$ cat coords_11.txt   # compact mmCIF, C-alpha atoms
# COMPACT_ATOMS: atom_id res chain seq x y z
CA MET A 1 -6.62 -16.48 12.24
CA SER A 2 -5.45 -18.80 15.01
CA ASP A 3 -2.65 -17.53 17.21
CA SER A 4 -0.54 -20.58 16.37
CA TRP A 5 -1.48 -21.72 12.83
CA TYR A 6 -3.51 -20.83 9.76
CA LYS A 7 -4.19 -22.28 6.32
CA VAL A 8 -2.41 -21.02 3.23
CA ASP A 9 -4.30 -18.79 0.80
CA ASN A 10 -5.46 -19.85 -2.65
CA VAL A 11 -2.50 -18.39 -4.57
CA ALA A 12 -0.06 -19.95 -2.11
CA LYS A 13 -1.45 -23.37 -3.01
CA VAL A 14 -0.35 -22.82 -6.60
CA PHE A 15 3.17 -21.89 -5.54
CA LEU A 16 3.40 -24.90 -3.22
CA ALA A 17 2.24 -27.31 -5.92
CA THR A 18 4.58 -25.95 -8.59
CA ALA A 19 7.82 -24.96 -6.81
CA SER A 20 10.89 -26.64 -8.32
CA MET A 21 14.67 -26.31 -8.50
CA ARG A 22 14.30 -24.38 -11.77
CA ASP A 23 11.61 -22.13 -10.31
CA PRO A 24 11.63 -22.18 -6.48
CA ARG A 25 8.84 -19.57 -6.39
CA VAL A 26 10.97 -17.01 -4.57
CA PHE A 27 11.07 -13.26 -5.10
CA ARG A 28 13.73 -10.80 -4.03
CA ILE A 29 13.42 -7.11 -3.19
CA SER A 30 16.58 -5.14 -2.43
CA CYS A 31 17.39 -1.70 -1.08
CA THR A 32 20.77 -0.10 -1.75
CA LEU A 33 21.87 2.43 0.86
CA GLN A 34 24.29 5.30 0.42
CA GLU A 35 26.83 3.59 2.69
CA GLN A 36 28.01 0.07 3.55
CA VAL A 37 25.65 -2.07 5.61
CA ASP A 38 26.63 -2.63 9.24
CA PRO A 39 25.77 -6.32 9.98
CA ASP A 40 25.20 -5.92 13.72
CA THR A 41 22.84 -2.98 13.24
CA LEU A 42 21.02 -4.84 10.48
CA ASN A 43 20.44 -7.83 12.74
CA GLU A 44 19.08 -5.64 15.51
CA ALA A 45 16.77 -3.97 12.97
CA LEU A 46 15.69 -7.40 11.73
CA ARG A 47 14.86 -8.51 15.28
CA ARG A 48 12.60 -5.46 15.68
CA THR A 49 11.02 -5.95 12.28
CA ALA A 50 10.22 -9.61 12.99
CA GLN A 51 8.35 -8.54 16.11
CA GLU A 52 6.33 -6.04 14.07
CA TRP A 53 5.41 -8.64 11.42
CA PRO A 54 4.51 -11.87 13.29
CA GLN A 55 2.65 -13.29 10.26
CA PHE A 56 6.03 -13.80 8.55
CA GLN A 57 7.47 -15.66 11.56
CA VAL A 58 6.07 -19.01 10.50
CA THR A 59 7.11 -22.41 9.22
CA LEU A 60 5.22 -24.41 6.61
CA HIS A 61 3.74 -27.85 7.21
CA ARG A 62 1.88 -30.43 5.17
CA GLY A 63 -1.39 -31.93 6.38
CA LEU A 64 -3.57 -34.63 4.85
CA PHE A 65 -5.88 -32.13 3.13
CA TRP A 66 -3.97 -28.84 3.10
CA HIS A 67 -0.71 -27.04 3.85
CA TYR A 68 -0.69 -24.72 6.82
CA PHE A 69 1.57 -22.14 8.45
CA GLU A 70 2.55 -22.46 12.09
CA SER A 71 4.02 -19.73 14.28
CA THR A 72 7.62 -20.30 15.30
CA ASN A 73 10.15 -18.92 17.74
CA LEU A 74 12.95 -19.23 15.17
CA LYS A 75 14.97 -16.02 15.08
CA PRO A 76 15.78 -14.54 11.65
CA GLN A 77 19.43 -13.81 11.01
CA ALA A 78 20.83 -11.47 8.35
CA VAL A 79 23.77 -13.15 6.61
CA PRO A 80 26.34 -12.12 3.98
CA GLU A 81 25.03 -12.71 0.46
CA THR A 82 26.57 -15.92 -0.89
CA LEU A 83 23.68 -17.54 -2.80
CA ALA A 84 22.33 -16.66 -6.22
CA PRO A 85 19.28 -14.39 -6.19
CA CYS A 86 15.96 -16.14 -5.49
CA ALA A 87 17.58 -19.33 -4.18
CA MET A 88 15.22 -21.98 -2.83
CA LEU A 89 13.59 -21.33 0.56
CA TYR A 90 11.28 -24.35 0.84
CA GLY A 91 11.56 -27.86 -0.54
CA PRO A 92 12.36 -31.49 0.27
CA GLN A 93 15.72 -30.52 1.76
CA ILE A 94 14.52 -27.36 3.52
CA LYS A 95 11.85 -27.87 6.17
CA ASN A 96 10.87 -26.24 9.46
CA GLU A 97 12.70 -23.07 8.48
CA LEU A 98 11.55 -19.49 8.11
CA LEU A 99 10.16 -18.76 4.67
CA TYR A 100 12.16 -15.61 4.08
CA ARG A 101 15.86 -14.76 3.97
CA VAL A 102 17.67 -11.48 4.72
CA SER A 103 21.17 -10.99 3.33
CA TYR A 104 23.53 -8.09 2.65
CA TYR A 105 26.34 -7.23 0.27
CA GLY A 106 28.19 -3.94 0.34
CA ALA A 107 25.51 -1.27 0.68
CA ARG A 108 22.66 -3.58 -0.37
CA ILE A 109 20.03 -5.23 1.87
CA ASN A 110 18.11 -8.12 0.31
CA VAL A 111 14.81 -9.62 1.44
CA GLU A 112 13.82 -12.85 -0.30
CA MET A 113 10.50 -14.58 0.33
CA PHE A 114 8.87 -17.83 -0.63
CA HIS A 115 5.86 -16.63 -2.61
CA ALA A 116 3.50 -18.75 -0.48
CA ILE A 117 3.68 -16.29 2.44
CA SER A 118 3.31 -13.03 0.53
CA ASP A 119 3.47 -11.20 -2.78
CA GLY A 120 5.70 -8.34 -3.86
CA ASN A 121 3.56 -5.75 -2.10
CA GLY A 122 3.82 -7.53 1.26
CA GLY A 123 7.52 -8.13 0.74
CA MET A 124 8.13 -4.47 -0.04
CA VAL A 125 6.35 -3.36 3.14
CA PHE A 126 8.52 -5.75 5.16
CA LEU A 127 11.71 -4.47 3.51
CA LYS A 128 10.75 -0.83 4.04
CA THR A 129 10.06 -1.55 7.72
CA LEU A 130 13.46 -3.25 8.02
CA VAL A 131 15.26 -0.35 6.32
CA HIS A 132 13.40 2.19 8.46
CA ASN A 133 14.43 0.37 11.66
CA TYR A 134 18.01 0.05 10.42
CA LEU A 135 18.35 3.74 9.58
CA GLN A 136 16.86 4.78 12.91
CA LEU A 137 19.34 2.59 14.80
CA LYS A 138 22.23 3.87 12.70
CA ASN A 139 21.22 7.53 12.74
CA PRO A 140 19.85 8.81 16.07
CA GLU A 141 18.55 11.98 14.40
CA LEU A 142 15.92 9.79 12.70
CA ALA A 143 14.60 8.36 15.96
CA ASN A 144 11.36 10.33 15.82
CA VAL A 145 10.56 9.67 12.16
CA PRO A 146 7.29 7.70 12.24
CA GLY A 147 6.87 4.55 10.21
CA GLU A 148 4.43 4.43 7.32
CA GLU A 149 0.80 4.08 8.31
CA ARG A 150 -0.30 0.50 7.80
CA ALA A 151 -3.09 -1.93 8.57
CA SER A 152 -3.74 -3.63 11.88
CA LYS A 153 -2.13 -7.01 12.49
CA GLY A 154 -5.51 -8.65 11.93
CA GLU A 155 -6.06 -7.06 8.53
CA SER A 156 -2.48 -7.53 7.35
CA ALA A 157 -2.74 -11.27 8.09
CA GLN A 158 -6.19 -11.89 6.58
CA ASP A 159 -6.91 -14.14 3.59
CA ALA A 160 -8.41 -11.49 1.31
CA PHE A 161 -9.33 -13.99 -1.41
CA ARG A 162 -11.71 -15.73 0.96
CA LYS A 163 -13.03 -12.51 2.50
CA TYR A 164 -13.96 -10.79 -0.77
CA TYR A 165 -15.22 -13.77 -2.79
CA THR A 166 -18.73 -13.05 -4.16
CA ALA A 167 -19.32 -15.82 -6.76
CA SER A 168 -19.71 -13.30 -9.59
CA LYS A 169 -19.95 -14.35 -13.24
CA ALA A 170 -16.78 -15.11 -15.17
CA ALA A 171 -15.13 -12.20 -16.99
CA GLU A 172 -15.30 -12.16 -20.78
CA GLU A 173 -11.94 -13.11 -22.26
CA ASP A 174 -10.13 -11.57 -25.23
CA PRO A 175 -10.55 -14.19 -28.02
CA LEU A 176 -6.81 -13.91 -28.73
CA ASN A 177 -6.11 -15.35 -25.27
CA ARG A 178 -7.51 -18.66 -26.50
CA LYS A 179 -5.10 -18.86 -29.43
CA LYS A 180 -1.82 -20.76 -29.27
CA SER A 181 0.97 -18.68 -27.78
CA PHE A 182 4.56 -18.37 -28.93
CA HIS A 183 7.12 -19.64 -26.42
CA LEU A 184 10.71 -18.56 -26.17
CA HIS A 185 13.00 -21.23 -27.57
CA GLY A 186 16.48 -22.35 -26.70
CA ARG A 187 18.53 -24.46 -24.36
CA LYS A 188 18.17 -23.69 -20.68
CA LEU A 189 21.11 -22.75 -18.49
CA PRO A 190 22.73 -25.79 -16.80
CA TYR A 191 22.18 -26.84 -13.17
CA ASP A 192 18.74 -25.19 -13.03
CA GLN A 193 20.39 -21.77 -13.03
CA SER A 194 18.89 -18.44 -13.99
CA GLN A 195 20.73 -15.30 -15.00
CA PHE A 196 19.64 -11.97 -13.56
CA PHE A 197 19.80 -8.71 -15.52
CA GLU A 198 19.43 -5.33 -13.85
CA ALA A 199 18.81 -2.43 -16.24
CA HIS A 200 18.75 1.12 -14.88
CA LEU A 201 17.00 3.86 -16.87
CA SER A 202 15.90 7.42 -16.20
CA ALA A 203 12.27 7.39 -15.09
CA ALA A 204 11.89 10.94 -16.44
CA GLN A 205 13.15 9.90 -19.89
CA VAL A 206 10.80 6.91 -20.06
CA LEU A 207 7.82 8.93 -18.82
CA ALA A 208 8.47 11.56 -21.47
CA LYS A 209 8.23 8.81 -24.12
CA THR A 210 5.07 7.28 -22.67
CA ARG A 211 3.32 10.64 -22.28
CA ALA A 212 4.12 11.57 -25.85
CA MET A 213 2.47 8.31 -26.95
CA GLY A 214 -0.41 8.61 -24.48
CA VAL A 215 0.26 5.20 -22.90
CA THR A 216 1.29 3.82 -19.52
CA MET A 217 4.85 2.86 -18.70
CA THR A 218 3.74 -0.78 -18.43
CA SER A 219 2.33 -0.71 -21.96
CA TYR A 220 5.48 0.94 -23.34
CA LEU A 221 7.87 -1.57 -21.78
CA ALA A 222 5.65 -4.55 -22.60
CA ALA A 223 5.42 -3.47 -26.24
CA ALA A 224 9.21 -3.16 -26.44
CA GLN A 225 9.63 -6.68 -25.04
CA MET A 226 7.00 -8.10 -27.40
CA LEU A 227 8.79 -6.60 -30.39
CA ALA A 228 12.06 -8.07 -29.11
CA ALA A 229 10.41 -11.50 -28.87
CA TYR A 230 8.91 -11.12 -32.35
CA GLN A 231 12.42 -10.62 -33.75
CA GLU A 232 13.31 -14.09 -32.45
CA MET A 233 10.10 -15.71 -33.69
CA PRO A 234 10.64 -18.36 -36.40
CA ALA A 235 8.73 -17.65 -39.63
CA LEU A 236 6.63 -20.80 -39.26
CA GLU A 237 5.34 -19.64 -35.85
CA ARG A 238 4.33 -16.12 -36.80
CA GLY A 239 0.64 -16.99 -36.71
CA LYS A 240 0.86 -17.52 -32.96
CA VAL A 241 0.09 -14.79 -30.45
CA ILE A 242 2.70 -13.20 -28.26
CA SER A 243 1.09 -13.09 -24.83
CA VAL A 244 2.26 -11.03 -21.84
CA SER A 245 1.15 -11.98 -18.33
CA LEU A 246 0.77 -9.05 -15.93
CA PRO A 247 0.25 -9.57 -12.18
CA VAL A 248 -2.41 -7.18 -10.81
CA ASN A 249 -2.33 -5.96 -7.21
CA LEU A 250 -5.92 -6.38 -5.97
CA ARG A 251 -5.60 -4.27 -2.83
CA SER A 252 -6.71 -1.01 -4.43
CA TYR A 253 -9.79 -2.73 -5.90
CA TYR A 254 -11.00 -3.97 -2.50
CA GLY A 255 -9.56 -1.42 -0.07
CA THR A 256 -7.55 -3.95 1.94
CA GLU A 257 -3.97 -3.81 3.16
CA THR A 258 -3.35 -7.50 3.69
CA ALA A 259 0.33 -8.48 3.65
CA ARG A 260 -0.49 -11.96 2.34
CA ASN A 261 -0.89 -12.81 -1.33
CA PHE A 262 -3.62 -10.77 -2.97
CA PHE A 263 -3.12 -10.53 -6.70
CA ASN A 264 -4.14 -12.24 -9.89
CA SER A 265 -2.83 -12.05 -13.44
CA ILE A 266 -4.20 -10.78 -16.72
CA ARG A 267 -2.92 -11.62 -20.19
CA ILE A 268 -2.59 -9.24 -23.12
CA SER A 269 -2.16 -11.03 -26.44
CA TRP A 270 -1.21 -9.80 -29.90
CA VAL A 271 -0.91 -11.39 -33.36
CA PHE A 272 1.80 -9.54 -35.27
CA ARG A 273 1.26 -8.39 -38.84
CA GLY A 274 4.91 -7.44 -39.15
CA ASP A 275 4.47 -3.69 -39.63
CA GLU A 276 4.03 -2.72 -35.96
CA THR A 277 6.12 0.09 -34.54
CA LEU A 278 6.79 0.55 -30.86
CA GLU A 279 4.25 3.37 -30.77
CA THR A 280 1.44 1.54 -32.57
CA LEU A 281 1.95 -1.60 -30.53
CA ALA A 282 2.14 0.31 -27.24
CA LYS A 283 -1.14 2.09 -28.04
CA GLY A 284 -2.84 -1.17 -28.99
CA PHE A 285 -1.50 -2.87 -25.87
CA ASP A 286 -2.61 0.05 -23.70
CA ALA A 287 -6.19 -0.09 -25.00
CA LYS A 288 -6.39 -3.81 -24.19
CA LEU A 289 -4.81 -3.25 -20.79
CA ARG A 290 -7.26 -0.50 -19.80
CA GLU A 291 -10.17 -2.75 -20.75
CA ALA A 292 -8.77 -5.68 -18.75
CA LEU A 293 -8.23 -3.48 -15.67
CA LYS A 294 -11.84 -2.31 -15.38
CA ASP A 295 -13.17 -2.98 -11.88
CA GLU A 296 -15.83 -5.47 -12.88
CA ARG A 297 -13.39 -7.53 -14.96
CA VAL A 298 -10.71 -7.65 -12.27
CA LYS A 299 -13.22 -8.64 -9.58
CA ALA A 300 -14.82 -11.31 -11.76
CA ARG A 301 -11.36 -12.73 -12.48
CA MET A 302 -10.58 -12.85 -8.76
CA ASP A 303 -13.84 -14.71 -8.06
CA GLY A 304 -13.10 -17.14 -10.85
CA PHE A 305 -9.77 -17.98 -9.26
CA GLU A 306 -11.36 -18.57 -5.84
CA LYS A 307 -14.36 -20.50 -7.17
CA LEU A 308 -12.65 -23.90 -7.19
CA GLU A 309 -11.85 -23.52 -3.50
CA GLN A 310 -15.55 -23.05 -2.77
CA MET A 311 -16.72 -26.24 -4.51
CA PRO A 312 -18.56 -28.69 -2.20
CA GLY A 313 -16.33 -31.56 -1.07
CA ILE A 314 -13.08 -30.02 -2.30
CA LYS A 315 -11.74 -29.73 1.24
CA LEU A 316 -11.89 -33.51 1.68
CA VAL A 317 -9.77 -34.28 -1.40
CA PRO A 318 -6.31 -35.51 -0.29
CA LEU A 319 -3.53 -32.98 -0.71
CA PHE A 320 -1.47 -35.05 -3.17
CA ILE A 321 -4.45 -35.14 -5.56
CA LYS A 322 -5.05 -31.39 -5.20
CA ASN A 323 -1.37 -30.71 -5.91
CA ALA A 324 -1.44 -32.86 -9.04
CA VAL A 325 -4.52 -31.05 -10.36
CA VAL A 326 -3.07 -27.61 -9.54
CA ASN A 327 0.22 -28.54 -11.20
CA LEU A 328 -1.60 -29.64 -14.36
CA PHE A 329 -3.69 -26.45 -14.40
CA ASN A 330 -0.56 -24.32 -13.94
CA THR A 331 1.23 -26.14 -16.77
CA LEU A 332 -1.70 -25.48 -19.11
CA GLU A 333 -1.82 -21.82 -18.11
CA ALA A 334 1.96 -21.42 -18.58
CA LYS A 335 1.56 -22.58 -22.18
CA LYS A 336 -0.57 -19.50 -22.83
CA VAL A 337 2.19 -17.07 -21.79
CA THR A 338 5.22 -15.78 -23.69
CA LEU A 339 6.56 -13.23 -21.18
CA THR A 340 5.73 -11.95 -17.71
CA ILE A 341 6.10 -8.33 -16.62
CA SER A 342 5.29 -7.08 -13.12
CA ASN A 343 5.29 -3.33 -12.51
CA MET A 344 5.56 -2.56 -8.79
CA GLY A 345 5.45 1.16 -9.58
CA ARG A 346 7.10 4.03 -7.77
CA ILE A 347 8.38 3.24 -4.27
CA PRO A 348 7.46 6.03 -1.83
CA LEU A 349 9.48 6.74 1.32
CA GLN A 350 9.35 9.22 4.14
CA LYS A 351 11.27 12.32 3.04
CA GLU A 352 13.60 12.08 6.06
CA LEU A 353 14.85 8.66 4.90
CA GLN A 354 15.37 9.52 1.25
CA PRO A 355 18.91 11.00 1.55
CA TYR A 356 20.14 7.69 3.01
CA ILE A 357 18.86 5.47 0.19
CA LYS A 358 20.24 5.06 -3.31
CA GLY A 359 17.61 2.79 -4.86
CA PHE A 360 15.58 -0.43 -5.03
CA THR A 361 15.59 -3.50 -7.27
CA ALA A 362 13.36 -6.57 -7.53
CA PHE A 363 13.47 -10.02 -9.14
CA CYS A 364 11.15 -13.02 -9.23
CA SER A 365 12.20 -16.59 -10.01
CA SER A 366 10.94 -18.00 -13.30
CA PRO A 367 11.39 -21.09 -15.48
CA THR A 368 11.61 -18.82 -18.56
CA ALA A 369 11.55 -15.00 -18.43
CA PHE A 370 10.17 -12.57 -15.86
CA THR A 371 10.76 -8.80 -15.64
CA THR A 372 10.00 -6.85 -12.47
CA VAL A 373 9.81 -3.06 -12.77
CA CYS A 374 10.17 -0.55 -9.93
CA SER A 375 11.34 3.03 -9.55
CA TYR A 376 12.74 5.24 -6.83
CA GLY A 377 13.34 8.87 -7.62
CA ASP A 378 14.60 8.99 -11.19
CA ASP A 379 16.03 5.46 -11.06
CA LEU A 380 13.81 3.10 -13.03
CA VAL A 381 15.01 -0.50 -12.67
CA LEU A 382 14.06 -3.49 -14.83
CA GLY A 383 15.01 -6.71 -13.05
CA THR A 384 14.83 -9.62 -15.50
CA THR A 385 15.14 -13.29 -14.56
CA TRP A 386 16.32 -15.28 -17.59
CA ALA A 387 16.58 -19.09 -17.82
CA PHE A 388 18.04 -19.47 -21.35
CA ARG A 389 21.60 -19.72 -22.61
CA SER A 390 20.95 -17.35 -25.51
CA THR A 391 20.24 -13.74 -24.55
CA GLU A 392 19.38 -12.49 -28.05
CA MET A 393 15.84 -11.50 -27.12
CA LEU A 394 17.06 -9.42 -24.21
CA LYS A 395 19.69 -7.81 -26.42
CA ASN A 396 16.92 -6.88 -28.86
CA PHE A 397 14.94 -5.36 -26.00
CA TYR A 398 17.78 -3.24 -24.59
CA ARG A 399 18.90 -2.13 -28.07
CA ARG A 400 15.39 -1.00 -28.89
CA LEU A 401 15.19 1.10 -25.74
CA SER A 402 18.62 2.55 -26.49
CA ALA A 403 17.54 3.34 -30.05
CA GLU A 404 14.65 5.30 -28.53
CA GLY A 405 17.24 7.63 -27.01
CA LEU A 406 17.01 6.18 -23.49
CA ASP A 407 20.16 5.97 -21.37
CA ILE A 408 20.68 2.43 -20.00
CA THR A 409 23.14 1.05 -17.46
CA LEU A 410 23.09 -2.75 -17.41
CA TYR A 411 24.38 -5.27 -14.86
CA ALA A 412 24.19 -9.08 -15.04
CA THR A 413 25.06 -12.00 -12.81
CA GLU A 414 27.54 -14.64 -13.92
CA VAL A 415 26.47 -18.25 -14.49
CA ASP A 416 28.35 -21.55 -14.35
CA GLY A 417 29.02 -23.39 -17.60
CA GLU A 418 28.98 -27.12 -18.21
$ encode --input "coords_11.txt" --output "structure tokens"
Amino acid sequence: MSDSWYKVDNVAKVFLATASMRDPRVFRISCTLQEQVDPDTLNEALRRTAQEWPQFQVTLHRGLFWHYFESTNLKPQAVPETLAPCAMLYGPQIKNELLYRVSYYGARINVEMFHAISDGNGGMVFLKTLVHNYLQLKNPELANVPGEERASKGESAQDAFRKYYTASKAAEEDPLNRKKSFHLHGRKLPYDQSQFFEAHLSAAQVLAKTRAMGVTMTSYLAAAQMLAAYQEMPALERGKVISVSLPVNLRSYYGTETARNFFNSIRISWVFRGDETLETLAKGFDAKLREALKDERVKARMDGFEKLEQMPGIKLVPLFIKNAVVNLFNTLEAKKVTLTISNMGRIPLQKELQPYIKGFTAFCSSPTAFTTVCSYGDDLVLGTTWAFRSTEMLKNFYRRLSAEGLDITLYATEVDGE
């Protein structure tokens, strides 16, 4: 990587070509402390964190053939939270600015990033570094608590898609993934708004359910959402599949710790007969998921995504043509998806920091519906981004979990009417 600029990675090109007011391609990860945030201390912690993560201190520029990041001396500033979650960070009216935002409200610290510079894993590492620095500044007794071990600056800034591409054969697809998918219907919220729902559950309660069924938490939650969507499915569309897109963190498959984007997505599809229970669907989903997550399938899927970038002559195609092709491809892929669920898993922290932190939440912008799952201690949080006026499907989902005997505490943002 050049000291002053570097090209965007392959996934970033998709986000750049498809970002819009409805879906600005921004994700948010938040940490709630046990006490109110001190703005001055947060800004000092942010200054230190920015120095530790120079690959995020960049602006985005458009060339003739590609977009590229350029290092900048712009100083990040933590500000009071006034914007809706996942507000736009890059677009026609926002240029030559940092591609992430840090804000605070009460005891909560928010980090929002334009998805072109990193994925949820990279964003979480940045947030944890920021929180660590903040707590050390605020609490002198934590001064000697070491940060989490992480990769060198060179590895954390590498384009892992390019490094690990091997031109392997395409992975065999589930035949159901080629069938027409059901899409959520309804009028969208006005002014390109989304509503954000934050559901808190007991991780222990949910794990007890999943272990009794012999499935993963991802399969359990996905099955519950699919059943909720099926309840809203018109009778004439019941021959369509309900398809769930699941982002897969590729770092564990390749042994890298890059902080840039390094994920791809799999789809699990199901044609409902009408007699499925949560348990039978979760088990069926889990079997498909385990098959899709086999090493050889994940790696073949990653190579398939990178293959277009390796085609002879592709680098000389003007950027506006590349963007149009990527946008078309993304539109076609979106038609194959009903719901998206991203499970970030359990968030580990140094034991010395744990008494100072209440929990974490995460959201990702979406033109339809996107649920991000994470847990800290016993607090399991489902952060759902919802673009529709009607919330019946979500009500079905939460009621089903409640009917399972799970305790749920639900929060939601307000939206403006017409």
$ residues_around --input "coords_11.txt" --residues "region 228-238 of chain A" --least-positions-apart "5" --cutoff "6 Å" --atoms "all atoms listed in the file" --output "count of residues only"
3
$ atom_distance --input "coords_11.txt" --atom1 "CA of Val131 (chain A)" --atom2 "CA of Asn110 (chain A)"
10.2 Å
$ axis_aligned_box --input "coords_11.txt" --around "region 91-102 of chain A" --padding-each-side "5 Å" --output "AutoDock Vina command-line options"
--center_x 13.9 --center_y -21.5 --center_z 4.5 --size_x 17.5 --size_y 30.0 --size_z 20.0
$ residues_near_point --input "coords_11.txt" --point "(1.5, -2.4, -21.2)" --cutoff "6 Å" --atoms "only C-alpha atoms" --output "ChimeraX atom specification"
/A:218-220,222,285-286
$ residues_near_point --input "coords_11.txt" --point "(4.8, 3.1, -30.6)" --cutoff "12 Å" --atoms "only C-alpha atoms" --output "number ranges by chain"
A: 209-217, 219-224, 226-227, 275-286, 400-401, 404
$ atom_distance --input "coords_11.txt" --atom1 "CA of His132 (chain A)" --atom2 "CA of Cys374 (chain A)"
18.9 Å
$ atom_distance --input "coords_11.txt" --atom1 "CA of Thr166 (chain A)" --atom2 "CA of Thr331 (chain A)"
27.0 Å
$ closest_residue --input "coords_11.txt" --among "A:Thr18, A:Ser365, A:Asn10, A:Ser252" --to "Phe329 (chain A)" --atoms "all atoms listed in the file"
A:Thr18
$ closest_residue --input "coords_11.txt" --among "A:Ala199, A:Asp379, A:Arg399, A:Ile268" --to "Pro247 (chain A)" --atoms "only C-alpha atoms"
A:Ile268
$ residues_around --input "coords_11.txt" --residues "Pro355 (chain A)" --least-positions-apart "6" --cutoff "12 Å" --atoms "only C-alpha atoms" --output "list in words"
Thr32, Leu33, Gln34, Glu35, Leu135, Asn139, Leu142, Leu349, Tyr376 and Gly377 of chain A
$ closest_atom_pairs --input "coords_11.txt" --of "region 255-318 of chain A" --to "region 45-54 of chain A" --cutoff "12 Å" --atoms "only C-alpha atoms" --output "CSV"
residue,atom,partner,partner_atom,distance
A:Thr258,CA,A:Trp53,CA,11.7
A:Ala259,CA,A:Trp53,CA,9.3
A:Arg260,CA,A:Trp53,CA,11.3
$ closest_residue --input "coords_11.txt" --among "A:Lys7, A:Asp23, A:Asp159, A:Gly255" --to "Tyr191 (chain A)" --atoms "all atoms listed in the file"
A:Asp23
$ closest_residue --input "coords_11.txt" --among "A:Thr372, A:Ser156, A:Thr129, A:Asn264" --to "Cys31 (chain A)" --atoms "all atoms listed in the file"
A:Thr129
$ residues_around --input "coords_11.txt" --residues "Met302 (chain A)" --least-positions-apart "2" --cutoff "12 Å" --atoms "only C-alpha atoms" --output "ChimeraX atom specification"
/A:10-11,160-171,247-251,253-254,262-266,293,295-300,304-309
$ closest_residue --input "coords_11.txt" --among "A:Glu141, A:Asp174, A:Asp119, A:Glu198" --to "Leu410 (chain A)" --atoms "all atoms listed in the file"
A:Glu198
$ closest_residue --input "coords_11.txt" --among "A:Lys335, A:Lys322, A:His115, A:Lys128" --to "Lys179 (chain A)" --atoms "only C-alpha atoms"
A:Lys335
$ decode --input "coords_11.txt" --residues "region 254-266 of chain A" --atoms "N, CA and C atoms" --output "mmCIF file, in the first residue's frame"
data_model
loop_
_atom_site.group_PDB
_atom_site.id
_atom_site.type_symbol
_atom_site.label_atom_id
_atom_site.label_comp_id
_atom_site.auth_asym_id
_atom_site.auth_seq_id
_atom_site.Cartn_x
_atom_site.Cartn_y
_atom_site.Cartn_z
ATOM 1 N N TYR A 254 -9.010 -17.670 6.193
ATOM 2 C CA TYR A 254 -7.717 -17.393 5.573
ATOM 3 C C TYR A 254 -6.634 -16.990 6.565
ATOM 4 N N GLY A 255 -6.984 -16.841 7.838
ATOM 5 C CA GLY A 255 -5.991 -16.508 8.849
ATOM 6 C C GLY A 255 -5.450 -15.099 8.746
ATOM 7 N N THR A 256 -6.259 -14.166 8.268
ATOM 8 C CA THR A 256 -5.833 -12.776 8.171
ATOM 9 C C THR A 256 -6.590 -11.923 9.175
ATOM 10 N N GLU A 257 -6.013 -10.770 9.507
ATOM 11 C CA GLU A 257 -6.671 -9.841 10.421
ATOM 12 C C GLU A 257 -6.816 -8.471 9.773
ATOM 13 N N THR A 258 -7.029 -8.456 8.467
ATOM 14 C CA THR A 258 -7.222 -7.180 7.793
ATOM 15 C C THR A 258 -8.400 -6.422 8.397
ATOM 16 N N ALA A 259 -8.266 -5.100 8.458
ATOM 17 C CA ALA A 259 -9.357 -4.260 8.961
ATOM 18 C C ALA A 259 -10.203 -3.724 7.817
ATOM 19 N N ARG A 260 -9.833 -4.050 6.580
ATOM 20 C CA ARG A 260 -10.643 -3.636 5.431
ATOM 21 C C ARG A 260 -11.751 -4.668 5.216
ATOM 22 N N ASN A 261 -12.584 -4.436 4.218
ATOM 23 C CA ASN A 261 -13.645 -5.396 3.920
ATOM 24 C C ASN A 261 -13.048 -6.761 3.593
ATOM 25 N N PHE A 262 -13.579 -7.789 4.243
ATOM 26 C CA PHE A 262 -13.208 -9.155 3.866
ATOM 27 C C PHE A 262 -14.331 -10.089 4.283
ATOM 28 N N PHE A 263 -15.374 -10.055 3.489
ATOM 29 C CA PHE A 263 -16.526 -10.927 3.727
ATOM 30 C C PHE A 263 -17.199 -11.186 2.390
ATOM 31 N N ASN A 264 -17.997 -12.233 2.338
ATOM 32 C CA ASN A 264 -18.953 -12.383 1.243
ATOM 33 C C ASN A 264 -20.254 -12.903 1.840
ATOM 34 N N SER A 265 -21.238 -13.124 1.022
ATOM 35 C CA SER A 265 -22.553 -13.508 1.536
ATOM 36 C C SER A 265 -23.007 -14.836 0.950
ATOM 37 N N ILE A 266 -23.700 -15.610 1.768
ATOM 38 C CA ILE A 266 -24.342 -16.826 1.307
ATOM 39 C C ILE A 266 -25.851 -16.638 1.414
#
